[in-house]
file upload13.cif (mmCIF, C-alpha atoms)
data_query
#
loop_
_atom_site.group_PDB
_atom_site.id
_atom_site.type_symbol
_atom_site.label_atom_id
_atom_site.label_comp_id
_atom_site.auth_asym_id
_atom_site.auth_seq_id
_atom_site.Cartn_x
_atom_site.Cartn_y
_atom_site.Cartn_z
ATOM 1 C CA MET A 1243 94.615 2.067 -1.248
ATOM 2 C CA ALA A 1244 91.960 -0.532 -0.485
ATOM 3 C CA ASN A 1245 92.903 -4.103 0.289
ATOM 4 C CA ARG A 1246 90.312 -6.480 -1.219
ATOM 5 C CA GLN A 1247 91.674 -9.373 0.817
ATOM 6 C CA LYS A 1248 90.585 -7.443 3.910
ATOM 7 C CA GLY A 1249 87.193 -6.834 2.300
ATOM 8 C CA GLU A 1250 87.899 -3.180 1.495
ATOM 9 C CA VAL A 1251 86.449 -1.359 -1.506
ATOM 10 C CA ALA A 1252 87.859 2.048 -2.430
ATOM 11 C CA PHE A 1253 86.021 5.076 -3.774
ATOM 12 C CA THR A 1254 86.517 8.831 -3.817
ATOM 13 C CA ALA A 1255 84.256 11.351 -2.094
ATOM 14 C CA ALA A 1256 84.929 15.027 -1.347
ATOM 15 C CA GLY A 1257 88.277 14.616 -3.080
ATOM 16 C CA LYS A 1258 89.364 12.049 -0.487
ATOM 17 C CA SER A 1259 90.086 8.360 -0.833
ATOM 18 C CA CYS A 1260 87.568 6.356 1.193
ATOM 19 C CA LYS A 1261 87.173 2.682 2.045
ATOM 20 C CA LEU A 1262 84.033 0.676 2.610
ATOM 21 C CA ARG A 1263 84.530 -2.477 4.695
ATOM 22 C CA TYR A 1264 82.254 -4.856 6.560
ATOM 23 C CA SER A 1265 84.527 -6.094 9.338
ATOM 24 C CA THR A 1266 83.134 -7.790 12.427
ATOM 25 C CA ASN A 1267 82.950 -4.427 14.191
ATOM 26 C CA ALA A 1268 81.277 -2.790 11.200
ATOM 27 C CA LEU A 1269 78.704 -5.586 11.065
ATOM 28 C CA CYS A 1270 77.974 -5.090 14.775
ATOM 29 C CA GLU A 1271 77.546 -1.356 14.068
ATOM 30 C CA LEU A 1272 75.188 -2.297 11.246
ATOM 31 C CA GLU A 1273 73.078 -4.394 13.602
ATOM 32 C CA ASP A 1274 72.993 -1.516 16.097
ATOM 33 C CA ILE A 1275 72.060 1.066 13.449
ATOM 34 C CA THR A 1276 69.333 -1.026 11.803
ATOM 35 C CA GLY A 1277 68.085 -2.998 14.790
ATOM 36 C CA ARG A 1278 68.288 -6.115 12.614
ATOM 37 C CA GLY A 1279 70.600 -9.113 12.513
ATOM 38 C CA VAL A 1280 73.310 -9.153 9.874
ATOM 39 C CA THR A 1281 71.794 -12.156 8.078
ATOM 40 C CA ASP A 1282 68.459 -10.341 7.881
ATOM 41 C CA VAL A 1283 70.228 -7.258 6.459
ATOM 42 C CA MET A 1284 72.040 -9.339 3.848
ATOM 43 C CA LEU A 1285 68.835 -11.118 2.819
ATOM 44 C CA GLU A 1286 67.069 -7.762 2.496
ATOM 45 C CA LEU A 1287 69.835 -6.405 0.250
ATOM 46 C CA ALA A 1288 69.858 -9.602 -1.830
ATOM 47 C CA SER A 1289 66.096 -9.309 -2.389
ATOM 48 C CA TRP A 1290 66.680 -5.993 -4.189
ATOM 49 C CA VAL A 1291 69.091 -7.458 -6.751
ATOM 50 C CA PRO A 1292 67.811 -8.912 -10.030
ATOM 51 C CA PRO A 1293 67.781 -12.728 -9.925
ATOM 52 C CA THR A 1294 70.599 -14.637 -11.599
ATOM 53 C CA ASP A 1295 71.344 -18.254 -12.384
ATOM 54 C CA ASP A 1296 74.287 -20.203 -10.915
ATOM 55 C CA LYS A 1297 76.632 -18.646 -13.478
ATOM 56 C CA GLY A 1298 75.569 -15.072 -12.724
ATOM 57 C CA LYS A 1299 73.440 -14.648 -15.852
ATOM 58 C CA LEU A 1300 70.374 -12.452 -15.305
ATOM 59 C CA LEU A 1301 67.104 -14.348 -15.289
ATOM 60 C CA GLU A 1302 64.033 -12.962 -16.983
ATOM 61 C CA GLU A 1303 61.573 -11.075 -14.789
ATOM 62 C CA THR A 1304 58.117 -9.793 -15.446
ATOM 63 C CA GLN A 1305 57.434 -6.088 -15.140
ATOM 64 C CA GLU A 1306 55.439 -6.853 -12.005
ATOM 65 C CA GLN A 1307 58.391 -8.702 -10.420
ATOM 66 C CA MET A 1308 60.763 -5.797 -11.181
ATOM 67 C CA GLN A 1309 58.321 -3.301 -9.726
ATOM 68 C CA ALA A 1310 57.841 -5.408 -6.595
ATOM 69 C CA ARG A 1311 61.626 -5.518 -6.133
ATOM 70 C CA GLY A 1312 61.858 -1.758 -6.638
ATOM 71 C CA ARG A 1313 59.125 -1.037 -4.090
ATOM 72 C CA LYS A 1314 61.121 -2.861 -1.407
ATOM 73 C CA MET A 1315 64.192 -0.647 -1.790
ATOM 74 C CA ARG A 1316 64.654 2.003 0.911
ATOM 75 C CA LEU A 1317 67.213 4.760 0.664
ATOM 76 C CA SER A 1318 67.368 5.096 4.453
ATOM 77 C CA PHE A 1319 68.316 1.418 4.715
ATOM 78 C CA VAL A 1320 71.059 1.839 2.103
ATOM 79 C CA ARG A 1321 72.331 4.888 4.003
ATOM 80 C CA ASP A 1322 72.470 2.867 7.237
ATOM 81 C CA VAL A 1323 74.363 0.002 5.587
ATOM 82 C CA PHE A 1324 76.737 2.423 3.870
ATOM 83 C CA CYS A 1325 77.403 4.285 7.135
ATOM 84 C CA ALA A 1326 78.274 1.076 8.997
ATOM 85 C CA GLY A 1327 80.734 0.100 6.255
ATOM 86 C CA LEU A 1328 82.546 3.420 6.662
ATOM 87 C CA ARG A 1329 82.968 3.182 10.442
ATOM 88 C CA ASP A 1330 86.303 1.315 10.337
ATOM 89 C CA GLN A 1331 87.874 4.253 8.491
ATOM 90 C CA LEU A 1332 85.654 7.036 9.860
ATOM 91 C CA PRO A 1333 84.564 5.953 13.363
ATOM 92 C CA ASP A 1334 82.711 9.202 14.074
ATOM 93 C CA ILE A 1335 80.762 9.440 10.812
ATOM 94 C CA THR A 1336 77.067 10.105 11.310
ATOM 95 C CA VAL A 1337 74.242 8.600 9.300
ATOM 96 C CA LYS A 1338 73.519 12.075 7.906
ATOM 97 C CA GLU A 1339 77.138 12.469 6.752
ATOM 98 C CA ALA A 1340 76.948 9.039 5.111
ATOM 99 C CA GLY A 1341 73.820 10.238 3.289
ATOM 100 C CA ASP A 1342 75.658 13.344 2.096
ATOM 101 C CA MET A 1343 78.444 11.100 0.828
ATOM 102 C CA ILE A 1344 75.939 8.917 -1.052
ATOM 103 C CA GLN A 1345 74.582 12.037 -2.732
ATOM 104 C CA GLU A 1346 78.091 13.073 -3.731
ATOM 105 C CA ILE A 1347 79.111 9.728 -5.222
ATOM 106 C CA GLY A 1348 76.055 9.548 -7.445
ATOM 107 C CA GLY A 1349 73.168 8.259 -5.371
ATOM 108 C CA MET A 1350 71.680 5.058 -4.116
ATOM 109 C CA MET A 1351 72.601 2.810 -7.043
ATOM 110 C CA ARG A 1352 76.294 3.775 -6.822
ATOM 111 C CA ALA A 1353 76.186 3.180 -3.053
ATOM 112 C CA MET A 1354 74.542 -0.216 -3.651
ATOM 113 C CA ASP A 1355 77.303 -1.171 -6.111
ATOM 114 C CA LEU A 1356 79.943 -0.321 -3.494
ATOM 115 C CA ILE A 1357 78.053 -2.130 -0.720
ATOM 116 C CA ASN A 1358 77.650 -5.261 -2.859
ATOM 117 C CA SER A 1359 81.341 -5.184 -3.796
ATOM 118 C CA ALA A 1360 82.406 -4.762 -0.172
ATOM 119 C CA PHE A 1361 80.166 -7.591 1.031
ATOM 120 C CA ALA A 1362 81.450 -9.820 -1.777
ATOM 121 C CA ALA A 1363 85.069 -8.986 -0.894
ATOM 122 C CA GLY A 1364 84.488 -9.469 2.831
ATOM 123 C CA PHE A 1365 82.680 -12.772 2.481
ATOM 124 C CA ASP A 1366 84.703 -14.245 -0.382
ATOM 125 C CA THR A 1367 84.463 -17.992 0.034
ATOM 126 C CA GLY A 1368 86.820 -18.637 -2.866
ATOM 127 C CA LYS A 1369 89.879 -18.093 -0.689
ATOM 128 C CA LYS A 1370 91.823 -21.202 0.101
ATOM 129 C CA ALA A 1371 93.383 -21.649 3.472
ATOM 130 C CA ARG A 1372 97.061 -22.393 3.590
ATOM 131 C CA PRO A 1373 97.860 -25.973 4.458
ATOM 132 C CA PRO A 1374 99.382 -26.415 7.885
ATOM 133 C CA LYS A 1375 103.149 -26.500 8.077
ATOM 134 C CA PRO A 1376 104.534 -29.963 8.682
ATOM 135 C CA ASP A 1377 105.975 -30.602 12.106
ATOM 136 C CA SER A 1378 109.665 -29.950 12.247
ATOM 137 C CA PRO A 1379 111.726 -33.123 12.266
ATOM 138 C CA LYS A 1380 112.777 -34.332 15.670
ATOM 139 C CA THR A 1381 116.440 -34.944 16.182
#
call {"tool": "encode", "arguments": {"input": "upload13.cif", "output": "structure tokens"}}
result
Amino acid sequence: MANRQKGEVAFTAAGKSCKLRYSTNALCELEDITGRGVTDVMLELASWVPPTDDKGKLLEETQEQMQARGRKMRLSFVRDVFCAGLRDQLPDITVKEAGDMIQEIGGMMRAMDLINSAFAAGFDTGKKARPPKPDSPKT
């Protein structure tokens, strides 16, 4: 079972339970696979998503804007990002095997949904830190 507090997102492929997670090590793998910094990768992925307002409501786009967004999307990039997110659970998975898994789960859009969910879970800024424990009284 996936633990969202650890940034894990669960899905099933080949009849097996799998987890996608973007830990520090997975993000380093992602940089190695893509040859790009993690911030650059995240900005690239964000540029593919329809624009929303501060409340998450979709903003209107022209047909030209939607097409421009669509032309930027690259399946090989999605496969690389997906592969890196699997490496915590499957350290020896190849990029080709990750591509086969994407095919099995329903394609690029399903993979993108999982990637976005895993990034959101891993970078959740809504978590509140516990307050420090008070010093124990001195006797």
call {"tool": "closest_residue", "arguments": {"input": "upload13.cif", "among": "A:Thr1294, A:Leu1287, A:Phe1361, A:Asp1334", "to": "Gly1312 of chain A", "atoms": "all atoms listed in the file"}}
result
A:Leu1287
call {"tool": "residues_around", "arguments": {"input": "upload13.cif", "residues": "Met1351 of chain A", "least_positions_apart": "3", "cutoff": "12 Å", "atoms": "only C-alpha atoms", "output": "list in words"}}
result
Trp1290, Val1291, Gly1312, Met1315, Arg1316, Leu1317, Val1320, Arg1321, Phe1324, Ile1344, Gln1345, Ile1347, Gly1348, Met1354, Asp1355, Leu1356, Ile1357 and Asn1358 of chain A
call {"tool": "closest_residue", "arguments": {"input": "upload13.cif", "among": "A:Leu1332, A:Gly1327, A:Asp1295, A:Met1284", "to": "Thr1266 of chain A", "atoms": "all atoms listed in the file"}}
result
A:Gly1327
call {"tool": "atom_distance", "arguments": {"input": "upload13.cif", "atom1": "atom CA of Gly1341 of chain A", "atom2": "atom CA of Cys1260 of chain A"}}
result
14.4 Å
call {"tool": "atom_distance", "arguments": {"input": "upload13.cif", "atom1": "atom CA of Ser1259 of chain A", "atom2": "atom CA of Asp1322 of chain A"}}
result
20.1 Å
call {"tool": "residues_around", "arguments": {"input": "upload13.cif", "residues": "Pro1292 of chain A", "least_positions_apart": "6", "cutoff": "10 Å", "atoms": "all atoms listed in the file", "output": "PyMOL selection string"}}
result
chain A and resi 1299-1303+1307-1308+1311-1312
call {"tool": "write_last_selection", "arguments": {"input": "upload13.cif", "atoms": "C-alpha atoms", "output": "short mmCIF file (atom, residue, chain, number, x, y, z; two decimals), in the frame of the given file"}}
result
data_model
loop_
_atom_site.label_atom_id
_atom_site.label_comp_id
_atom_site.auth_asym_id
_atom_site.auth_seq_id
_atom_site.Cartn_x
_atom_site.Cartn_y
_atom_site.Cartn_z
CA LYS A 1299 73.44 -14.65 -15.85
CA LEU A 1300 70.37 -12.45 -15.30
CA LEU A 1301 67.10 -14.35 -15.29
CA GLU A 1302 64.03 -12.96 -16.98
CA GLU A 1303 61.57 -11.08 -14.79
CA GLN A 1307 58.39 -8.70 -10.42
CA MET A 1308 60.76 -5.80 -11.18
CA ARG A 1311 61.63 -5.52 -6.13
CA GLY A 1312 61.86 -1.76 -6.64
#
call {"tool": "axis_aligned_box", "arguments": {"input": "upload13.cif", "around": "segment 1293-1297 of chain A", "padding_each_side": "6 Å", "output": "AutoDock Vina command-line options"}}
result
--center_x 72.2 --center_y -16.5 --center_z -11.7 --size_x 20.9 --size_y 19.5 --size_z 15.6
call {"tool": "build_atoms", "arguments": {"input": "upload13.cif", "residues": "segment 1274-1285 of chain A", "atoms": "all heavy atoms", "output": "mmCIF file, keeping the file's coordinate frame"}}
result
data_model
loop_
_atom_site.group_PDB
_atom_site.id
_atom_site.type_symbol
_atom_site.label_atom_id
_atom_site.label_comp_id
_atom_site.auth_asym_id
_atom_site.auth_seq_id
_atom_site.Cartn_x
_atom_site.Cartn_y
_atom_site.Cartn_z
ATOM 1 N N ASP A 1274 73.434 -2.567 15.177
ATOM 2 C CA ASP A 1274 72.993 -1.516 16.097
ATOM 3 C C ASP A 1274 72.210 -0.424 15.365
ATOM 4 O O ASP A 1274 71.185 0.044 15.848
ATOM 5 C CB ASP A 1274 74.189 -0.888 16.819
ATOM 6 C CG ASP A 1274 74.826 -1.820 17.838
ATOM 7 O OD1 ASP A 1274 74.203 -2.836 18.204
ATOM 8 O OD2 ASP A 1274 75.959 -1.527 18.261
ATOM 9 N N ILE A 1275 72.708 -0.007 14.207
ATOM 10 C CA ILE A 1275 72.060 1.066 13.449
ATOM 11 C C ILE A 1275 70.677 0.640 12.955
ATOM 12 O O ILE A 1275 69.714 1.397 13.049
ATOM 13 C CB ILE A 1275 72.928 1.498 12.243
ATOM 14 C CG1 ILE A 1275 74.199 2.214 12.715
ATOM 15 C CG2 ILE A 1275 72.149 2.411 11.295
ATOM 16 C CD1 ILE A 1275 75.217 2.449 11.591
ATOM 17 N N THR A 1276 70.590 -0.584 12.423
ATOM 18 C CA THR A 1276 69.333 -1.026 11.803
ATOM 19 C C THR A 1276 68.388 -1.731 12.771
ATOM 20 O O THR A 1276 67.196 -1.855 12.476
ATOM 21 C CB THR A 1276 69.603 -1.993 10.630
ATOM 22 O OG1 THR A 1276 70.258 -3.166 11.129
ATOM 23 C CG2 THR A 1276 70.433 -1.339 9.540
ATOM 24 N N GLY A 1277 68.914 -2.224 13.882
ATOM 25 C CA GLY A 1277 68.085 -2.998 14.790
ATOM 26 C C GLY A 1277 67.745 -4.373 14.235
ATOM 27 O O GLY A 1277 66.796 -5.018 14.674
ATOM 28 N N ARG A 1278 68.526 -4.827 13.260
ATOM 29 C CA ARG A 1278 68.288 -6.115 12.614
ATOM 30 C C ARG A 1278 69.576 -6.930 12.631
ATOM 31 O O ARG A 1278 70.665 -6.378 12.638
ATOM 32 C CB ARG A 1278 67.855 -5.892 11.161
ATOM 33 C CG ARG A 1278 66.536 -5.156 11.056
ATOM 34 C CD ARG A 1278 66.251 -4.664 9.675
ATOM 35 N NE ARG A 1278 65.866 -5.728 8.777
ATOM 36 C CZ ARG A 1278 65.390 -5.526 7.553
ATOM 37 N NH1 ARG A 1278 65.236 -4.301 7.098
ATOM 38 N NH2 ARG A 1278 65.067 -6.531 6.779
ATOM 39 N N GLY A 1279 69.440 -8.240 12.596
ATOM 40 C CA GLY A 1279 70.600 -9.113 12.513
ATOM 41 C C GLY A 1279 71.266 -9.003 11.147
ATOM 42 O O GLY A 1279 70.624 -8.667 10.151
ATOM 43 N N VAL A 1280 72.550 -9.310 11.111
ATOM 44 C CA VAL A 1280 73.310 -9.153 9.874
ATOM 45 C C VAL A 1280 72.777 -10.061 8.753
ATOM 46 O O VAL A 1280 72.730 -9.659 7.595
ATOM 47 C CB VAL A 1280 74.824 -9.345 10.110
ATOM 48 C CG1 VAL A 1280 75.181 -10.776 10.420
ATOM 49 C CG2 VAL A 1280 75.624 -8.834 8.928
ATOM 50 N N THR A 1281 72.349 -11.263 9.101
ATOM 51 C CA THR A 1281 71.794 -12.156 8.078
ATOM 52 C C THR A 1281 70.520 -11.565 7.488
ATOM 53 O O THR A 1281 70.306 -11.599 6.267
ATOM 54 C CB THR A 1281 71.527 -13.556 8.653
ATOM 55 O OG1 THR A 1281 72.751 -14.078 9.171
ATOM 56 C CG2 THR A 1281 70.982 -14.496 7.606
ATOM 57 N N ASP A 1282 69.688 -10.988 8.340
ATOM 58 C CA ASP A 1282 68.459 -10.341 7.881
ATOM 59 C C ASP A 1282 68.789 -9.175 6.946
ATOM 60 O O ASP A 1282 68.142 -8.997 5.902
ATOM 61 C CB ASP A 1282 67.652 -9.864 9.085
ATOM 62 C CG ASP A 1282 66.273 -9.351 8.707
ATOM 63 O OD1 ASP A 1282 65.654 -9.901 7.775
ATOM 64 O OD2 ASP A 1282 65.816 -8.393 9.352
ATOM 65 N N VAL A 1283 69.802 -8.389 7.300
ATOM 66 C CA VAL A 1283 70.228 -7.258 6.459
ATOM 67 C C VAL A 1283 70.692 -7.767 5.097
ATOM 68 O O VAL A 1283 70.298 -7.237 4.049
ATOM 69 C CB VAL A 1283 71.345 -6.437 7.145
ATOM 70 C CG1 VAL A 1283 71.975 -5.444 6.181
ATOM 71 C CG2 VAL A 1283 70.813 -5.735 8.379
ATOM 72 N N MET A 1284 71.526 -8.809 5.110
ATOM 73 C CA MET A 1284 72.040 -9.339 3.848
ATOM 74 C C MET A 1284 70.927 -9.912 2.974
ATOM 75 O O MET A 1284 70.935 -9.724 1.751
ATOM 76 C CB MET A 1284 73.122 -10.380 4.131
ATOM 77 C CG MET A 1284 74.368 -9.750 4.743
ATOM 78 S SD MET A 1284 75.582 -10.946 5.292
ATOM 79 C CE MET A 1284 76.239 -11.500 3.743
ATOM 80 N N LEU A 1285 69.964 -10.583 3.587
ATOM 81 C CA LEU A 1285 68.835 -11.118 2.819
ATOM 82 C C LEU A 1285 67.989 -9.998 2.229
ATOM 83 O O LEU A 1285 67.505 -10.100 1.097
ATOM 84 C CB LEU A 1285 67.977 -12.046 3.693
ATOM 85 C CG LEU A 1285 68.617 -13.381 4.067
ATOM 86 C CD1 LEU A 1285 67.779 -14.110 5.109
ATOM 87 C CD2 LEU A 1285 68.832 -14.240 2.829
#
